[in-house]
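K.L.:
I'd like to ask you about the structure that follows.
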Amino acid sequence: MANLAVFASGTGSNFVALADDLAESAHSLVVLVTDKQNAPAVERAAERSIPVFSAQYKGREREAAERDILAELERRGCDLVALAGFMRILTPTLIDGFPGPIVNIPPSLLPRHPGIGAIEKSYHSGDTELGITIHYVDHGVDTGPVILQRSFKRDEVADLTAAEARIHALEHRWYPTVVRDLLDHIALGQIRQGATQ
Ligand code: GAR
């Protein structure tokens, strides 16, 4: 078995999808890391008795907050980090300091529309395909190696709300699948520390 940490700042619907999937596996979601103590994701974790680590970013260098996070990840024996709507950009302190893979799920078809507001940007861009990307995190913003993309045609949705719902449905369908597959490979020793692909 292998141990997952999820980082989230908001609603936590992807955190819930991952937690509920892993509850039926040999792996464990051992901690929710958040920068927002009052985020709905924190309540979702409490409902599932999953520990929460609230990182203190306010008034500090990002690196200081990340060193605290790294200590928590080590203490919990985390093998994999899954970002799920964590709205802080990670610095090399965390990216290079964590020995396992870090994955992310931006709601766009990278390299289109990296960064914040990706669903709105995609919807209003005139792109004929909208979708999601799951990728390994590197030092850029949404630039790391792609693991999987899933898409749908823009004409299949009536408006922005429908596009958002469709994107979230894709996230909830595919993030648990990819994360569980990575955890399986880690447990079998098939992913070496620090690997990004
Ligand atoms: C998700 O749509 C995820 O793709 C996006 O935040 C949302 C979190 O929703 N991530 C980013 O925009 C990262 N830049 P959730 O809190 O309900 O999982």
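By convention here, the chains of the structure tokens are called A, B, ... in the order presented, each chain's residues are numbered starting at 1, and ligands are numbered starting at 1 in the order presented.
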Please extract the residues at most 10 Å from ligand 1, counting only C-alpha atoms and all ligand atoms, and provide them as a PyMOL selection string, using the chain letters and residue numbers of this document.

P.N.:
chain A and resi 7-18+39-41+83-89+104-108+113-119+131-134+141-142+164-165+167-172+175

K.L.:
Can you check which residues of range 11-194 of chain A DSSP gives as alpha helix (DSSP H) on the backbone and send them as a PyMOL selection string?

P.N.:
chain A and resi 13-22+40-47+62-75+92-97+118-124+160-187

K.L.:
What's around Val6 in chain A at 6 Å? Count only C-alpha atoms, leave out sequence neighbours fewer than 5 positions away in its own chain, and write the answer as a ChimeraX atom specification.

P.N.:
/A:32,81-83

K.L.:
Please produce a file of the residues just selected, as a tab-separated table (two decimals), in the first residue's frame, where the atoms kept are all heavy atoms.

P.N.:
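The resulting out26.tsv:
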chain	number	residue	atom	x	y	z
A	32	LEU	N	-5.09	15.86	4.42
A	32	LEU	CA	-5.48	16.97	3.55
A	32	LEU	C	-4.63	18.17	3.97
A	32	LEU	O	-4.66	18.57	5.14
A	32	LEU	CB	-6.96	17.32	3.75
A	32	LEU	CG	-7.40	18.64	3.10
A	32	LEU	CD1	-7.43	18.53	1.58
A	32	LEU	CD2	-8.76	19.09	3.62
A	81	VAL	N	1.71	13.21	-3.83
A	81	VAL	CA	0.89	14.40	-3.57
A	81	VAL	C	-0.01	14.64	-4.77
A	81	VAL	O	0.46	14.65	-5.91
A	81	VAL	CB	1.77	15.65	-3.32
A	81	VAL	CG1	0.95	16.93	-3.39
A	81	VAL	CG2	2.48	15.56	-1.97
A	82	ALA	N	-1.32	14.84	-4.50
A	82	ALA	CA	-2.27	15.20	-5.56
A	82	ALA	C	-2.82	16.59	-5.24
A	82	ALA	O	-3.48	16.78	-4.22
A	82	ALA	CB	-3.40	14.18	-5.63
A	83	LEU	N	-2.52	17.55	-6.11
A	83	LEU	CA	-3.10	18.89	-5.96
A	83	LEU	C	-4.53	18.84	-6.48
A	83	LEU	O	-4.77	18.29	-7.56
A	83	LEU	CB	-2.29	19.92	-6.75
A	83	LEU	CG	-0.78	19.98	-6.47
A	83	LEU	CD1	-0.13	21.08	-7.32
A	83	LEU	CD2	-0.51	20.22	-4.99

K.L.:
Determine, counting only C-alpha atoms, which protein, DNA and RNA residues have an atom within 10 Å of an atom of range 55-65 of chain A; residues of the same chain fewer than 6 positions away are not included. Present the result as a PyMOL selection string.

P.N.:
chain A and resi 33-37+72+88-94

K.L.:
Write the selection just made, keeping C-alpha atoms, as a PDB file, in the first residue's frame?

P.N.:
ATOM      1  CA  VAL A  33      -3.127  19.941   3.283  1.00  0.00           C
ATOM      2  CA  THR A  34      -4.865  23.306   3.014  1.00  0.00           C
ATOM      3  CA  ASP A  35      -3.970  26.986   3.094  1.00  0.00           C
ATOM      4  CA  LYS A  36      -7.583  27.868   4.007  1.00  0.00           C
ATOM      5  CA  GLN A  37      -8.632  26.687   7.426  1.00  0.00           C
ATOM      6  CA  GLU A  72       4.081  16.987   7.772  1.00  0.00           C
ATOM      7  CA  ARG A  88      -0.893  28.475  -4.145  1.00  0.00           C
ATOM      8  CA  ILE A  89       1.947  28.140  -6.593  1.00  0.00           C
ATOM      9  CA  LEU A  90       4.518  25.692  -5.267  1.00  0.00           C
ATOM     10  CA  THR A  91       8.167  26.732  -5.148  1.00  0.00           C
ATOM     11  CA  PRO A  92      11.212  24.497  -5.734  1.00  0.00           C
ATOM     12  CA  THR A  93      11.447  24.111  -1.940  1.00  0.00           C
ATOM     13  CA  LEU A  94       8.417  21.832  -1.973  1.00  0.00           C
TER      14      LEU A  94
END

K.L.:
Check the smallest atom-to-atom distance from each of A:Leu160, A:Met1, A:Ile50, A:Ala23 to Leu80 in chain A using only C-alpha atoms, then report the winner.

P.N.:
A:Met1

K.L.:
When DSSP works through the backbone of this structure, what residues of range 11-196 of chain A end up as strand (DSSP E), shown as a PyMOL selection string?

P.N.:
chain A and resi 28-34+52-54+80-83+102-104+129-136+146-153

K.L.:
Let's have the selection written as a PDB file, in the first residue's frame, with C-alpha atoms.

P.N.:
ATOM      1  CA  SER A  28      -4.606   5.541   2.310  1.00  0.00           C
ATOM      2  CA  LEU A  29      -5.369   9.215   2.001  1.00  0.00           C
ATOM      3  CA  VAL A  30      -3.357  10.218   5.055  1.00  0.00           C
ATOM      4  CA  VAL A  31      -3.686  14.020   5.111  1.00  0.00           C
ATOM      5  CA  LEU A  32      -5.480  16.975   3.554  1.00  0.00           C
ATOM      6  CA  VAL A  33      -3.127  19.941   3.283  1.00  0.00           C
ATOM      7  CA  THR A  34      -4.865  23.306   3.014  1.00  0.00           C
ATOM      8  CA  VAL A  52      -5.982  18.133   8.106  1.00  0.00           C
ATOM      9  CA  PHE A  53      -2.767  20.123   8.043  1.00  0.00           C
ATOM     10  CA  SER A  54      -3.412  23.851   7.817  1.00  0.00           C
ATOM     11  CA  LEU A  80       2.373  10.886  -3.598  1.00  0.00           C
ATOM     12  CA  VAL A  81       0.887  14.400  -3.567  1.00  0.00           C
ATOM     13  CA  ALA A  82      -2.267  15.203  -5.559  1.00  0.00           C
ATOM     14  CA  LEU A  83      -3.100  18.887  -5.960  1.00  0.00           C
ATOM     15  CA  ILE A 102       3.352  15.532  -7.361  1.00  0.00           C
ATOM     16  CA  VAL A 103       0.371  15.594  -9.726  1.00  0.00           C
ATOM     17  CA  ASN A 104      -2.132  18.309 -10.602  1.00  0.00           C
ATOM     18  CA  GLU A 129     -12.801  21.252 -27.421  1.00  0.00           C
ATOM     19  CA  LEU A 130     -12.880  21.776 -23.659  1.00  0.00           C
ATOM     20  CA  GLY A 131     -11.556  19.404 -21.023  1.00  0.00           C
ATOM     21  CA  ILE A 132      -9.111  18.464 -18.318  1.00  0.00           C
ATOM     22  CA  THR A 133      -5.441  17.602 -17.976  1.00  0.00           C
ATOM     23  CA  ILE A 134      -3.746  15.503 -15.312  1.00  0.00           C
ATOM     24  CA  HIS A 135      -0.004  16.140 -15.234  1.00  0.00           C
ATOM     25  CA  TYR A 136       3.146  15.844 -13.171  1.00  0.00           C
ATOM     26  CA  VAL A 146       0.953  15.217 -19.232  1.00  0.00           C
ATOM     27  CA  ILE A 147      -0.396  11.917 -17.894  1.00  0.00           C
ATOM     28  CA  LEU A 148      -3.919  12.076 -19.333  1.00  0.00           C
ATOM     29  CA  GLN A 149      -6.323  14.459 -21.046  1.00  0.00           C
ATOM     30  CA  ARG A 150     -10.065  14.050 -21.547  1.00  0.00           C
ATOM     31  CA  SER A 151     -12.260  16.393 -23.566  1.00  0.00           C
ATOM     32  CA  PHE A 152     -15.684  17.080 -25.019  1.00  0.00           C
ATOM     33  CA  LYS A 153     -16.979  19.307 -27.787  1.00  0.00           C
TER      34      LYS A 153
END

K.L.:
Which residues are near Arg180 in chain A? Cut-off 10 Å, only C-alpha atoms, ignore same chain within fewer than 3 positions. Put them as a PyMOL selection string.

P.N.:
chain A and resi 2+4+18+21-22+25-27+174-177+183-186

K.L.:
Could those selected residues go to a file with N, CA, C and O atoms, as a PDB file, in the first residue's frame?

P.N.:
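The resulting file, again-v6.pdb, is shown below:
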ATOM      1  N   ALA A   2       0.270   2.364  -0.424  1.00  0.00           N
ATOM      2  CA  ALA A   2       1.001   3.635  -0.483  1.00  0.00           C
ATOM      3  C   ALA A   2       0.109   4.747   0.085  1.00  0.00           C
ATOM      4  O   ALA A   2      -1.109   4.591   0.166  1.00  0.00           O
ATOM      5  N   LEU A   4      -1.240   8.721   0.237  1.00  0.00           N
ATOM      6  CA  LEU A   4      -1.517   9.918  -0.565  1.00  0.00           C
ATOM      7  C   LEU A   4      -1.766  11.118   0.335  1.00  0.00           C
ATOM      8  O   LEU A   4      -2.441  11.012   1.363  1.00  0.00           O
ATOM      9  N   LEU A  18     -11.389  11.497  -4.528  1.00  0.00           N
ATOM     10  CA  LEU A  18     -10.184  10.706  -4.235  1.00  0.00           C
ATOM     11  C   LEU A  18     -10.354   9.936  -2.928  1.00  0.00           C
ATOM     12  O   LEU A  18     -10.026   8.738  -2.845  1.00  0.00           O
ATOM     13  N   ASP A  21     -12.807   7.009  -3.305  1.00  0.00           N
ATOM     14  CA  ASP A  21     -12.247   5.924  -4.109  1.00  0.00           C
ATOM     15  C   ASP A  21     -11.210   5.145  -3.300  1.00  0.00           C
ATOM     16  O   ASP A  21     -11.228   3.907  -3.270  1.00  0.00           O
ATOM     17  N   LEU A  22     -10.321   5.863  -2.614  1.00  0.00           N
ATOM     18  CA  LEU A  22      -9.243   5.166  -1.895  1.00  0.00           C
ATOM     19  C   LEU A  22      -9.754   4.410  -0.676  1.00  0.00           C
ATOM     20  O   LEU A  22      -9.118   3.447  -0.227  1.00  0.00           O
ATOM     21  N   SER A  25      -9.724   0.854  -1.234  1.00  0.00           N
ATOM     22  CA  SER A  25      -8.479   0.308  -1.779  1.00  0.00           C
ATOM     23  C   SER A  25      -7.532  -0.032  -0.630  1.00  0.00           C
ATOM     24  O   SER A  25      -7.829   0.219   0.539  1.00  0.00           O
ATOM     25  N   ALA A  26      -6.369  -0.559  -0.992  1.00  0.00           N
ATOM     26  CA  ALA A  26      -5.357  -0.866   0.023  1.00  0.00           C
ATOM     27  C   ALA A  26      -4.564   0.383   0.392  1.00  0.00           C
ATOM     28  O   ALA A  26      -3.796   0.377   1.353  1.00  0.00           O
ATOM     29  N   HIS A  27      -4.737   1.460  -0.364  1.00  0.00           N
ATOM     30  CA  HIS A  27      -3.975   2.690  -0.126  1.00  0.00           C
ATOM     31  C   HIS A  27      -4.708   3.601   0.864  1.00  0.00           C
ATOM     32  O   HIS A  27      -5.876   3.401   1.141  1.00  0.00           O
ATOM     33  N   TRP A 174     -11.827  10.786 -13.654  1.00  0.00           N
ATOM     34  CA  TRP A 174     -10.474  10.380 -14.036  1.00  0.00           C
ATOM     35  C   TRP A 174      -9.399  10.595 -12.991  1.00  0.00           C
ATOM     36  O   TRP A 174      -8.386   9.869 -13.002  1.00  0.00           O
ATOM     37  N   TYR A 175      -9.561  11.579 -12.084  1.00  0.00           N
ATOM     38  CA  TYR A 175      -8.466  11.804 -11.121  1.00  0.00           C
ATOM     39  C   TYR A 175      -8.279  10.583 -10.213  1.00  0.00           C
ATOM     40  O   TYR A 175      -7.152  10.098 -10.050  1.00  0.00           O
ATOM     41  N   PRO A 176      -9.353  10.025  -9.648  1.00  0.00           N
ATOM     42  CA  PRO A 176      -9.154   8.826  -8.813  1.00  0.00           C
ATOM     43  C   PRO A 176      -8.510   7.674  -9.582  1.00  0.00           C
ATOM     44  O   PRO A 176      -7.674   6.951  -9.028  1.00  0.00           O
ATOM     45  N   THR A 177      -8.860   7.496 -10.833  1.00  0.00           N
ATOM     46  CA  THR A 177      -8.295   6.403 -11.633  1.00  0.00           C
ATOM     47  C   THR A 177      -6.790   6.569 -11.795  1.00  0.00           C
ATOM     48  O   THR A 177      -6.014   5.617 -11.589  1.00  0.00           O
ATOM     49  N   LEU A 183      -0.483   5.106  -7.277  1.00  0.00           N
ATOM     50  CA  LEU A 183      -0.264   4.499  -5.948  1.00  0.00           C
ATOM     51  C   LEU A 183       0.048   3.005  -6.085  1.00  0.00           C
ATOM     52  O   LEU A 183       0.909   2.472  -5.380  1.00  0.00           O
ATOM     53  N   ASP A 184      -0.644   2.339  -7.017  1.00  0.00           N
ATOM     54  CA  ASP A 184      -0.356   0.916  -7.263  1.00  0.00           C
ATOM     55  C   ASP A 184       1.095   0.739  -7.696  1.00  0.00           C
ATOM     56  O   ASP A 184       1.793  -0.154  -7.217  1.00  0.00           O
ATOM     57  N   HIS A 185       1.547   1.589  -8.620  1.00  0.00           N
ATOM     58  CA  HIS A 185       2.925   1.488  -9.109  1.00  0.00           C
ATOM     59  C   HIS A 185       3.932   1.818  -8.012  1.00  0.00           C
ATOM     60  O   HIS A 185       4.982   1.183  -7.927  1.00  0.00           O
ATOM     61  N   ILE A 186       3.619   2.811  -7.181  1.00  0.00           N
ATOM     62  CA  ILE A 186       4.518   3.166  -6.074  1.00  0.00           C
ATOM     63  C   ILE A 186       4.621   1.982  -5.109  1.00  0.00           C
ATOM     64  O   ILE A 186       5.710   1.590  -4.677  1.00  0.00           O
TER      65      ILE A 186
END

K.L.:
Go through A:Pro111, A:Pro145, A:Asp181, A:Val157 and flag the residue nearest Thr128 in chain A, using only C-alpha atoms for the distances.

P.N.:
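The closest residue to Thr128 in chain A is A:Val157.
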
K.L.:
Between A:Tyr123, A:Glu47, A:Val178, A:Ile95, which has the minimum distance to Asp159 in chain A (counting only C-alpha atoms)?

P.N.:
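Among A:Tyr123, A:Glu47, A:Val178, A:Ile95, it is A:Tyr123 that comes nearest to Asp159 in chain A.
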
K.L.:
Of the candidates A:Thr143, A:Ala5, A:Glu24, A:Pro51, which one gets nearest to Gly77 in chain A if we count only C-alpha atoms?

P.N.:
A:Ala5

K.L.:
Mind pulling up the distance from CA of Ala163 in chain A to CA of Val42 in chain A?

P.N.:
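Rounded to one decimal, the two atoms are 26.1 Å apart.
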